[in-house]
Amino acid sequence: MAGADSGDRWNTVNRIEGSVDNAVQARDIDTINFTTNYLPPTPPTAKPWTVPAPPSTFVDRDDHLDVVHALAGQQQAEPAVVVFSGLAGIGKSALLHKSAAVLRDQFGFKVALYADFLAGDFTLGGTPALSDVLGGLLGDLGVGGESMPAHLPGRQRQFRSATSDRRVLVGLDNVREAGQVQALTPNSTGSLVLAASELRLEELALDDAHLVEVPGLDAPDGARLLAALCDTMPLAPVDAVDRLLSMCGGHPLALRIAAVLLRSGRWQLDRLLAELDGDGGLNVLSLGRGRHIAAPFLAAYQQLSPDAARLLRVLGQMPGPGVERHVAAAMVDATAADVDEWLDELHRAHLVDGHDAVTMHAIVRRFAMEVSLADHPAYRYSATRVGRWADAWLSAGDDDALLRRAAAGWVQRAAAADAAVGPRYRVAVHDIAPEETFADDVSAMAWFNEHHDTLHAVLRDAASRGWDDVAWPLFEALWPYYMARKPLRAWTEAGELAVRSAERAGDVRATARVRCLLARAYLEQKRFPHADVQLAAATREAESTDDQRLVASVLDFAGQSRIRQDDPAGALALFERALAINEELGNDRGIALQAQFAGRCHGLLGDHDAALALFDRARALIEPLDDRRTLARIELSAGRVLASAGRDAEAAAGLDRSLRVAADLGLDAHNAEALELLADLAARAGDVPGERRNLAAAVAILRRTGSPRTEALQARLDSLPPV
């Protein structure tokens with residue numbers, strides 16, 4: 001829900017750049033005693049409060065604070081533990097500090113102890129010993145001198161004793177291990193531990209800890225944070241601010257750095273956006289030594305196994321918002337079990353989200369992309385900041401080949417979904433493995449709905465790279481989604497890329513096929529000249545082959561264009577030619593489709609009986625094939641003709657059947673058309689509530705799909721009298 005300003009540490013690069021030699025010298029020392037560096041012990045009667053104050057620019061996270069409120073307000077039989085986890089810089093520390101302030105002000109906590117596992121004396125290139133952390137907390141509680149046990153077990157006992165009769169709040173920042181939280185949990189009812197970690201410490205759930213993931217800022221809260229940090233932001237164009245928020249993925253630390261740059265006056269927003277989107281990359285978000293957005297991600301990257309690091313690099317280069325797990329396995333040519341292990345490692349570090357469908361935060365994606373390009377100018381900080389580790393980390397290797405395999409994997413998966421939706425004519429041939437098949441058409445369409453943005457990005461990327469064996473076959477496989485959802489902008493862009501791809505590949509059949517699919521997108525937008533140019537070229541190309549099914553398919557699309565341009569007689573001639581070809585081939589599904597389209601033309605020409613006879617023939621042929629999509633279209637066509645003939649009751653019944661058959665198939669455009677026809681029938685009957693109900697449902701569908709008809713139907717709906 002809401003977000004928070006980042007309170008996460010800035011000093012990771014300082015730690016990485018710090019004295020590595022000191023860390024090496026200390027490597028074999030089991031315990032480094034820092035207790036002499038603490039302030040004199042607090043008298044036992046004092047009430048220490050060492051948690052830092054929250055930032056003044058904190059943007060409230062109501063949902064997360066509610067978790068803390070609920071626990072503080074309950075009678076707990078044992079101390080409660082809340083773990084805030086998320087990306088570095090995402091605002092976990094700020095949330096911890098804000099929660100502590102709320103607990104003091106609203107819930108009467110008097111004692112708060114605090115330890116940061118990456119701050120101050122605890123930083124020598126590694127994690128401090130628990131013994132030293134406990135020594136510090138005991139010192140805050142007034143335990144010192146000779147009463148301070150020398151070793152860890154004694155200090156644990158002393159800590160439990162010192163907190164046994166006190167309601168204590170413990171704040172633990174930058175936790176790396178579950179054991180750190182377990183060892184520092186007080187021994188008193190009503191106490192509370194707030195921990196912040198970049199890792200998902202899921203093992204703490206076994207101890208009934210409350211695991212709370214901290215996401216990036218949503219757009220309104222991100223804009224609020226920018227406005228609070230930079231006086232010029234309220235005057236900036238809204239679309240530019242939205243673009244900055246999107247590029248930063250709502251990451252508070254990135255937004256904070258951006259605000260400082262803008263506030264300095266040396267950067268203008270348009271320049272910052274251009275640099276972030278271009279060669280500047282993450283290198284732009286830098287304020288000097290130790291103030292670089294990539295710093296915490298470099299630290300996390302260092303901790304990864306070589307295989308997980310390699311997978312992260314490749315995932316960063318993948319176009320689109322996500323990657324399926326099986327595609328990731330195809331990329332790195334590894335077993336599913338191995339990929340699961342590496343993804344679990346990345347997931348634990350908050351570098352990826354999800355499992356079957358893997359996604360990455362925008363900042364992490366940019367970091368992963370840049371870290372894969374050792375000589376990329378945007379990643380020059382890698383060599384200067386990381387020094388001796390750079391060569392070991394930054395090896396692009398065969399990442400390009402892996403990306404090609406990933407793109408091919410997406411094509412295979414899309415082809416499997418296309419096949420599951422139902423039989424139809426296709427040019428591309430795919431060898432779909434049994435494990436890649438979908439259970440049914442509903443699950444296949446759900447998959448298309450979930451992954452279309454990624455598939456579109458893959459197609460665009462493949463076209464730009466000249467991977468023609470990916471681009472046009474993927475466009476062809478996406479046909480069921482285009483027809484059901486009608487995402488016109490994406491459909492048109494993908495089609496234009498696919499035509500150029502097929503032409504470049506020199507595949508005449510493929511070129512004719514994708515021209516037809518693109519032409520249909522133009523028809524949906526009433527761009528008739530564009531559609532006719534593609535269809536004329538497709539006709540010439542198809543007739544130059546010996547593929548009669550392709551010829552019949554092109555005739556089908558050409559007939560659709562004639563219908564859209566109010567030429568039912570011309571359309572009927574084309575459909576009848578296509579029908580004759582399918583009859584000669586013995587293709588029952590093709591016969592049913594062309595009979596349906598010919599029936600529509602007869603209906604438009606006023607020959608209703610001939611139209612209904614053709615619909616009966618189409619229905620009889622398609623029902624044994626269990627092709628619900630085609631059956632739904634036949635019922636829709638019959639309903640339209642019956643309405644034209646004035647047989648309104650029969651028409652309404654047919655349209656209702658069409659909607660029932662299409663239920664759960666995701667046929668948005670089909671359903672919107674049926675609902676609009678039902679609204680027309682209701683209007684003729686004087687049924688204003690029915691007209692309003694059906695129009696409202698149609699408008700909701702069209703608005704979701706971006707149809708150009710949305711506003712016209714909305715105006716009609718608004719003109720109806722209130723019910």
# chains A, B, ... in the order shown; residues from 1 in each chain; ligands from 1
$ select_by_dssp --residues "range 193-412 of chain A" --states "strand (DSSP E or B)" --output "PyMOL selection string"
chain A and resi 193-197+210-213+286+292+322-324+353+357-359
$ residues_around --residues "range 176-183 of chain A" --least-positions-apart "5" --cutoff "7 Å" --atoms "only C-alpha atoms" --output "number ranges by chain"
A: 130, 197, 199, 201, 203-204
$ write_last_selection --atoms "C-alpha atoms" --output "compact mmCIF listing (two decimals), in the first residue's frame"
# COMPACT_ATOMS: atom_id res chain seq x y z
CA LEU A 130 27.13 -12.02 18.52
CA SER A 197 16.96 -7.61 6.68
CA LEU A 199 17.11 -11.57 3.28
CA LEU A 201 14.53 -15.06 6.97
CA GLU A 203 13.14 -19.98 9.06
CA LEU A 204 12.02 -17.52 11.74
$ residues_around --residues "range 146-151 of chain A" --least-positions-apart "6" --cutoff "8 Å" --atoms "only C-alpha atoms" --output "VMD selection string"
chain A and resid 131 135 138 158
$ write_last_selection --atoms "N, CA and C atoms" --output "short mmCIF file (atom, residue, chain, number, x, y, z; two decimals), in the first residue's frame"
data_model
loop_
_atom_site.label_atom_id
_atom_site.label_comp_id
_atom_site.auth_asym_id
_atom_site.auth_seq_id
_atom_site.Cartn_x
_atom_site.Cartn_y
_atom_site.Cartn_z
N SER A 131 28.70 -12.15 20.34
CA SER A 131 29.19 -11.81 21.67
C SER A 131 29.41 -10.31 21.81
N GLY A 135 27.40 -7.66 24.09
CA GLY A 135 28.12 -6.80 25.02
C GLY A 135 27.65 -5.36 24.93
N LEU A 138 24.09 -5.14 26.53
CA LEU A 138 24.19 -5.23 27.99
C LEU A 138 24.75 -3.93 28.57
N GLN A 158 23.13 -13.51 30.71
CA GLN A 158 23.03 -12.21 31.35
C GLN A 158 21.94 -11.35 30.67
#
$ atom_distance --atom1 "CA of Gly466 in chain A" --atom2 "CA of Gly409 in chain A"
16.8 Å
$ closest_residue --among "A:Phe448, A:Phe297, A:Phe557, A:Tyr522" --to "Gly666 in chain A" --atoms "only C-alpha atoms"
A:Phe448
$ residues_around --residues "Ala357 in chain A" --least-positions-apart "4" --cutoff "10 Å" --atoms "only C-alpha atoms" --output "MDAnalysis selection string"
chainID A and resid 321:328 353 450:451
$ select_by_dssp --residues "range 90-162 of chain A" --states "alpha helix (DSSP H)" --output "PyMOL selection string"
chain A and resi 92-107+130-140+152-162
$ residues_around --residues "Arg716 in chain A" --least-positions-apart "5" --cutoff "12 Å" --atoms "only C-alpha atoms" --output "list in words"
Glu676, Ala679, Asp680, Ala683, Val688, Glu691, Arg692, Asn694, Leu695, Ala696, Ala698, Val699, Arg709, Thr710, Glu711 and Pro721 of chain A
$ residues_around --residues "range 238-243 of chain A" --least-positions-apart "5" --cutoff "12 Å" --atoms "only C-alpha atoms" --output "VMD selection string"
chain A and resid 218 to 227 230 232 to 233 248 to 250 255 258 to 259 268 to 274 276 to 277
$ write_last_selection --atoms "N, CA and C atoms" --output "JSON list (two decimals), in the first residue's frame"
[["chain", "number", "residue", "atom", "x", "y", "z"],
["A", 218, "ASP", "N", 4.30, 3.03, -3.97],
["A", 218, "ASP", "CA", 3.35, 3.17, -5.06],
["A", 218, "ASP", "C", 3.47, 4.59, -5.62],
["A", 219, "ALA", "N", 2.84, 4.83, -6.77],
["A", 219, "ALA", "CA", 3.04, 6.10, -7.46],
["A", 219, "ALA", "C", 2.65, 7.32, -6.62],
["A", 220, "PRO", "N", 1.49, 7.33, -5.94],
["A", 220, "PRO", "CA", 1.15, 8.53, -5.15],
["A", 220, "PRO", "C", 2.15, 8.80, -4.03],
["A", 221, "ASP", "N", 2.57, 7.75, -3.32],
["A", 221, "ASP", "CA", 3.51, 7.97, -2.22],
["A", 221, "ASP", "C", 4.89, 8.34, -2.74],
["A", 222, "GLY", "N", 5.28, 7.76, -3.89],
["A", 222, "GLY", "CA", 6.55, 8.15, -4.48],
["A", 222, "GLY", "C", 6.55, 9.62, -4.85],
["A", 223, "ALA", "N", 5.43, 10.09, -5.43],
["A", 223, "ALA", "CA", 5.32, 11.51, -5.77],
["A", 223, "ALA", "C", 5.36, 12.37, -4.52],
["A", 224, "ARG", "N", 4.73, 11.92, -3.45],
["A", 224, "ARG", "CA", 4.76, 12.67, -2.18],
["A", 224, "ARG", "C", 6.17, 12.78, -1.64],
["A", 225, "LEU", "N", 6.91, 11.67, -1.72],
["A", 225, "LEU", "CA", 8.29, 11.69, -1.23],
["A", 225, "LEU", "C", 9.14, 12.66, -2.05],
["A", 226, "LEU", "N", 9.01, 12.59, -3.37],
["A", 226, "LEU", "CA", 9.77, 13.51, -4.22],
["A", 226, "LEU", "C", 9.42, 14.97, -3.91],
["A", 227, "ALA", "N", 8.14, 15.24, -3.72],
["A", 227, "ALA", "CA", 7.71, 16.60, -3.42],
["A", 227, "ALA", "C", 8.28, 17.07, -2.09],
["A", 230, "CYS", "N", 12.17, 17.65, -2.74],
["A", 230, "CYS", "CA", 12.61, 18.57, -3.79],
["A", 230, "CYS", "C", 11.50, 19.58, -4.08],
["A", 232, "THR", "N", 11.10, 21.66, -6.38],
["A", 232, "THR", "CA", 10.72, 21.86, -7.78],
["A", 232, "THR", "C", 9.80, 20.77, -8.30],
["A", 233, "MET", "N", 9.70, 19.64, -7.60],
["A", 233, "MET", "CA", 8.93, 18.52, -8.14],
["A", 233, "MET", "C", 7.45, 18.82, -8.34],
["A", 248, "CYS", "N", 12.60, 4.23, -11.44],
["A", 248, "CYS", "CA", 13.16, 3.90, -10.12],
["A", 248, "CYS", "C", 12.39, 2.78, -9.45],
["A", 249, "GLY", "N", 11.28, 2.36, -10.04],
["A", 249, "GLY", "CA", 10.51, 1.28, -9.45],
["A", 249, "GLY", "C", 10.00, 1.60, -8.06],
["A", 250, "GLY", "N", 9.77, 2.89, -7.77],
["A", 250, "GLY", "CA", 9.32, 3.27, -6.43],
["A", 250, "GLY", "C", 10.36, 3.02, -5.36],
["A", 255, "LEU", "N", 14.99, 7.37, -5.41],
["A", 255, "LEU", "CA", 14.25, 8.63, -5.48],
["A", 255, "LEU", "C", 14.92, 9.71, -4.64],
["A", 258, "ALA", "N", 17.89, 10.92, -6.62],
["A", 258, "ALA", "CA", 17.39, 11.73, -7.73],
["A", 258, "ALA", "C", 16.96, 13.11, -7.24],
["A", 259, "ALA", "N", 16.28, 13.16, -6.10],
["A", 259, "ALA", "CA", 15.82, 14.44, -5.57],
["A", 259, "ALA", "C", 16.98, 15.34, -5.20],
["A", 268, "GLN", "N", 18.48, 18.88, -14.61],
["A", 268, "GLN", "CA", 17.08, 19.09, -14.91],
["A", 268, "GLN", "C", 16.42, 17.73, -15.06],
["A", 269, "LEU", "N", 15.11, 17.67, -14.83],
["A", 269, "LEU", "CA", 14.42, 16.39, -14.82],
["A", 269, "LEU", "C", 14.53, 15.69, -16.18],
["A", 270, "ASP", "N", 14.39, 16.44, -17.28],
["A", 270, "ASP", "CA", 14.45, 15.79, -18.59],
["A", 270, "ASP", "C", 15.84, 15.21, -18.85],
["A", 271, "ARG", "N", 16.88, 15.88, -18.39],
["A", 271, "ARG", "CA", 18.24, 15.36, -18.56],
["A", 271, "ARG", "C", 18.44, 14.11, -17.72],
["A", 272, "LEU", "N", 17.95, 14.14, -16.49],
["A", 272, "LEU", "CA", 18.09, 12.98, -15.61],
["A", 272, "LEU", "C", 17.38, 11.77, -16.20],
["A", 273, "LEU", "N", 16.18, 11.96, -16.73],
["A", 273, "LEU", "CA", 15.45, 10.86, -17.35],
["A", 273, "LEU", "C", 16.19, 10.31, -18.55],
["A", 274, "ALA", "N", 16.72, 11.20, -19.38],
["A", 274, "ALA", "CA", 17.44, 10.76, -20.56],
["A", 274, "ALA", "C", 18.68, 9.95, -20.18],
["A", 276, "LEU", "N", 19.21, 8.29, -17.31],
["A", 276, "LEU", "CA", 18.80, 7.02, -16.70],
["A", 276, "LEU", "C", 18.39, 6.01, -17.76],
["A", 277, "ASP", "N", 17.74, 6.49, -18.81],
["A", 277, "ASP", "CA", 17.24, 5.61, -19.85],
["A", 277, "ASP", "C", 18.30, 5.27, -20.89]]
$ closest_atom_pairs --of "range 608-642 of chain A" --to "range 653-656 of chain A" --cutoff "9 Å" --atoms "only C-alpha atoms" --output "JSON lines"
{"residue": "A:Ala632", "atom": "CA", "partner": "A:Leu655", "partner_atom": "CA", "distance": 8.9}
{"residue": "A:Glu635", "atom": "CA", "partner": "A:Gly654", "partner_atom": "CA", "distance": 5.7}
{"residue": "A:Leu636", "atom": "CA", "partner": "A:Leu655", "partner_atom": "CA", "distance": 5.7}
{"residue": "A:Ser637", "atom": "CA", "partner": "A:Leu655", "partner_atom": "CA", "distance": 8.7}
{"residue": "A:Ala638", "atom": "CA", "partner": "A:Gly654", "partner_atom": "CA", "distance": 6.9}
{"residue": "A:Gly639", "atom": "CA", "partner": "A:Gly654", "partner_atom": "CA", "distance": 5.1}
{"residue": "A:Arg640", "atom": "CA", "partner": "A:Leu655", "partner_atom": "CA", "distance": 8.1}
{"residue": "A:Leu642", "atom": "CA", "partner": "A:Gly654", "partner_atom": "CA", "distance": 8.6}
$ write_last_selection --atoms "C-alpha atoms" --output "PDB file, in the first residue's frame"
ATOM      1  CA  ALA A 632     -19.829 -19.130 -29.640  1.00  0.00           C
ATOM      2  CA  GLU A 635     -24.391 -18.387 -32.039  1.00  0.00           C
ATOM      3  CA  LEU A 636     -23.448 -14.706 -32.082  1.00  0.00           C
ATOM      4  CA  SER A 637     -23.843 -14.508 -35.874  1.00  0.00           C
ATOM      5  CA  ALA A 638     -27.197 -16.301 -35.686  1.00  0.00           C
ATOM      6  CA  GLY A 639     -28.377 -13.916 -32.960  1.00  0.00           C
ATOM      7  CA  ARG A 640     -27.452 -10.925 -35.079  1.00  0.00           C
ATOM      8  CA  LEU A 642     -32.401 -13.186 -36.008  1.00  0.00           C
TER       9      LEU A 642
END
$ closest_residue --among "A:Leu245, A:Leu211, A:Leu625, A:Leu535" --to "Ser553 in chain A" --atoms "only C-alpha atoms"
A:Leu535
$ residues_around --residues "range 494-496 of chain A" --least-positions-apart "2" --cutoff "9 Å" --atoms "only C-alpha atoms" --output "mmCIF file with N, CA and C atoms, in the first residue's frame"
data_model
loop_
_atom_site.group_PDB
_atom_site.id
_atom_site.type_symbol
_atom_site.label_atom_id
_atom_site.label_comp_id
_atom_site.auth_asym_id
_atom_site.auth_seq_id
_atom_site.Cartn_x
_atom_site.Cartn_y
_atom_site.Cartn_z
ATOM 1 N N HIS A 456 5.343 -9.754 -25.618
ATOM 2 C CA HIS A 456 5.461 -8.629 -26.535
ATOM 3 C C HIS A 456 6.880 -8.062 -26.500
ATOM 4 N N LEU A 459 9.183 -10.408 -28.356
ATOM 5 C CA LEU A 459 9.018 -10.264 -29.808
ATOM 6 C C LEU A 459 9.742 -9.008 -30.309
ATOM 7 N N ARG A 460 9.560 -7.905 -29.603
ATOM 8 C CA ARG A 460 10.201 -6.653 -30.016
ATOM 9 C C ARG A 460 11.723 -6.793 -29.975
ATOM 10 N N ALA A 471 10.661 -13.970 -33.970
ATOM 11 C CA ALA A 471 9.720 -12.847 -34.048
ATOM 12 C C ALA A 471 8.403 -13.220 -34.721
ATOM 13 N N TRP A 472 8.444 -13.666 -35.993
ATOM 14 C CA TRP A 472 7.157 -13.906 -36.654
ATOM 15 C C TRP A 472 6.423 -15.124 -36.105
ATOM 16 N N PHE A 475 4.532 -13.989 -33.052
ATOM 17 C CA PHE A 475 3.351 -13.191 -33.414
ATOM 18 C C PHE A 475 2.205 -14.106 -33.840
ATOM 19 N N GLU A 476 2.482 -15.108 -34.637
ATOM 20 C CA GLU A 476 1.432 -16.025 -35.077
ATOM 21 C C GLU A 476 0.830 -16.763 -33.889
ATOM 22 N N ARG A 489 -2.855 -1.532 -29.803
ATOM 23 C CA ARG A 489 -1.545 -0.914 -29.999
ATOM 24 C C ARG A 489 -0.449 -1.972 -30.057
ATOM 25 N N ALA A 490 -0.461 -2.881 -29.088
ATOM 26 C CA ALA A 490 0.561 -3.936 -29.066
ATOM 27 C C ALA A 490 0.412 -4.861 -30.268
ATOM 28 N N TRP A 491 -0.815 -5.197 -30.610
ATOM 29 C CA TRP A 491 -1.095 -6.074 -31.748
ATOM 30 C C TRP A 491 -0.525 -5.484 -33.035
ATOM 31 N N THR A 492 -0.778 -4.191 -33.245
ATOM 32 C CA THR A 492 -0.312 -3.545 -34.471
ATOM 33 C C THR A 492 1.212 -3.468 -34.516
ATOM 34 N N ALA A 498 6.551 -8.303 -37.205
ATOM 35 C CA ALA A 498 6.515 -9.682 -37.703
ATOM 36 C C ALA A 498 6.549 -9.725 -39.230
ATOM 37 N N VAL A 499 5.866 -8.793 -39.883
ATOM 38 C CA VAL A 499 5.889 -8.769 -41.350
ATOM 39 C C VAL A 499 7.314 -8.527 -41.837
ATOM 40 N N ARG A 500 8.001 -7.545 -41.245
ATOM 41 C CA ARG A 500 9.383 -7.282 -41.658
ATOM 42 C C ARG A 500 10.277 -8.481 -41.365
ATOM 43 N N SER A 501 10.001 -9.170 -40.262
ATOM 44 C CA SER A 501 10.794 -10.348 -39.900
ATOM 45 C C SER A 501 10.601 -11.468 -40.913
ATOM 46 N N VAL A 514 1.327 -13.611 -41.679
ATOM 47 C CA VAL A 514 1.385 -12.531 -40.689
ATOM 48 C C VAL A 514 0.821 -11.234 -41.261
ATOM 49 N N ARG A 515 0.859 -11.081 -42.610
ATOM 50 C CA ARG A 515 0.181 -9.911 -43.192
ATOM 51 C C ARG A 515 -1.309 -9.949 -42.855
ATOM 52 N N LEU A 517 -2.782 -11.423 -40.298
ATOM 53 C CA LEU A 517 -3.000 -11.172 -38.874
ATOM 54 C C LEU A 517 -2.829 -9.687 -38.552
ATOM 55 N N LEU A 518 -1.885 -9.033 -39.221
ATOM 56 C CA LEU A 518 -1.726 -7.586 -39.050
ATOM 57 C C LEU A 518 -2.909 -6.839 -39.653
ATOM 58 N N ALA A 519 -3.370 -7.281 -40.824
ATOM 59 C CA ALA A 519 -4.511 -6.622 -41.466
ATOM 60 C C ALA A 519 -5.726 -6.612 -40.548
ATOM 61 N N ALA A 521 -5.729 -6.414 -37.351
ATOM 62 C CA ALA A 521 -5.545 -5.341 -36.369
ATOM 63 C C ALA A 521 -5.908 -3.993 -36.975
#
$ atom_distance --atom1 "CA of Gly320 in chain A" --atom2 "CA of Thr454 in chain A"
4.1 Å
$ atom_distance --atom1 "CA of Ala512 in chain A" --atom2 "CA of Trp479 in chain A"
14.7 Å
$ decode --residues "range 157-173 of chain A" --atoms "N, CA and C atoms" --output "PDB file, in the first residue's frame"
ATOM      1  N   ARG A 157      23.026 -15.530  28.779  1.00  0.00           N
ATOM      2  CA  ARG A 157      22.323 -15.712  30.059  1.00  0.00           C
ATOM      3  C   ARG A 157      22.109 -14.364  30.739  1.00  0.00           C
ATOM      4  N   GLN A 158      23.134 -13.510  30.710  1.00  0.00           N
ATOM      5  CA  GLN A 158      23.025 -12.206  31.345  1.00  0.00           C
ATOM      6  C   GLN A 158      21.944 -11.353  30.666  1.00  0.00           C
ATOM      7  N   PHE A 159      21.870 -11.436  29.322  1.00  0.00           N
ATOM      8  CA  PHE A 159      20.860 -10.672  28.586  1.00  0.00           C
ATOM      9  C   PHE A 159      19.454 -11.148  28.935  1.00  0.00           C
ATOM     10  N   ARG A 160      19.271 -12.461  28.996  1.00  0.00           N
ATOM     11  CA  ARG A 160      17.949 -12.979  29.373  1.00  0.00           C
ATOM     12  C   ARG A 160      17.566 -12.536  30.769  1.00  0.00           C
ATOM     13  N   SER A 161      18.529 -12.540  31.674  1.00  0.00           N
ATOM     14  CA  SER A 161      18.247 -12.123  33.050  1.00  0.00           C
ATOM     15  C   SER A 161      17.934 -10.637  33.122  1.00  0.00           C
ATOM     16  N   ALA A 162      18.720  -9.818  32.389  1.00  0.00           N
ATOM     17  CA  ALA A 162      18.543  -8.368  32.457  1.00  0.00           C
ATOM     18  C   ALA A 162      17.226  -7.915  31.839  1.00  0.00           C
ATOM     19  N   THR A 163      16.642  -8.731  30.955  1.00  0.00           N
ATOM     20  CA  THR A 163      15.383  -8.343  30.296  1.00  0.00           C
ATOM     21  C   THR A 163      14.180  -9.121  30.817  1.00  0.00           C
ATOM     22  N   SER A 164      14.375  -9.951  31.834  1.00  0.00           N
ATOM     23  CA  SER A 164      13.296 -10.852  32.263  1.00  0.00           C
ATOM     24  C   SER A 164      12.117 -10.121  32.883  1.00  0.00           C
ATOM     25  N   ASP A 165      12.367  -8.959  33.487  1.00  0.00           N
ATOM     26  CA  ASP A 165      11.271  -8.242  34.147  1.00  0.00           C
ATOM     27  C   ASP A 165      11.072  -6.847  33.561  1.00  0.00           C
ATOM     28  N   ARG A 166      11.509  -6.652  32.314  1.00  0.00           N
ATOM     29  CA  ARG A 166      11.369  -5.346  31.686  1.00  0.00           C
ATOM     30  C   ARG A 166      10.716  -5.514  30.310  1.00  0.00           C
ATOM     31  N   ARG A 167       9.822  -4.610  29.966  1.00  0.00           N
ATOM     32  CA  ARG A 167       9.216  -4.608  28.630  1.00  0.00           C
ATOM     33  C   ARG A 167      10.171  -3.868  27.693  1.00  0.00           C
ATOM     34  N   VAL A 168      10.822  -4.645  26.855  1.00  0.00           N
ATOM     35  CA  VAL A 168      11.926  -4.105  26.064  1.00  0.00           C
ATOM     36  C   VAL A 168      11.594  -4.174  24.570  1.00  0.00           C
ATOM     37  N   LEU A 169      11.931  -3.108  23.872  1.00  0.00           N
ATOM     38  CA  LEU A 169      11.889  -3.108  22.420  1.00  0.00           C
ATOM     39  C   LEU A 169      13.320  -3.256  21.916  1.00  0.00           C
ATOM     40  N   VAL A 170      13.534  -4.214  21.001  1.00  0.00           N
ATOM     41  CA  VAL A 170      14.862  -4.421  20.421  1.00  0.00           C
ATOM     42  C   VAL A 170      14.763  -4.181  18.915  1.00  0.00           C
ATOM     43  N   GLY A 171      15.574  -3.262  18.417  1.00  0.00           N
ATOM     44  CA  GLY A 171      15.642  -3.004  16.986  1.00  0.00           C
ATOM     45  C   GLY A 171      16.941  -3.548  16.430  1.00  0.00           C
ATOM     46  N   LEU A 172      16.848  -4.382  15.410  1.00  0.00           N
ATOM     47  CA  LEU A 172      18.028  -5.012  14.805  1.00  0.00           C
ATOM     48  C   LEU A 172      18.055  -4.687  13.322  1.00  0.00           C
ATOM     49  N   ASP A 173      19.056  -3.944  12.913  1.00  0.00           N
ATOM     50  CA  ASP A 173      19.156  -3.505  11.527  1.00  0.00           C
ATOM     51  C   ASP A 173      20.162  -4.346  10.759  1.00  0.00           C
TER      52      ASP A 173
END
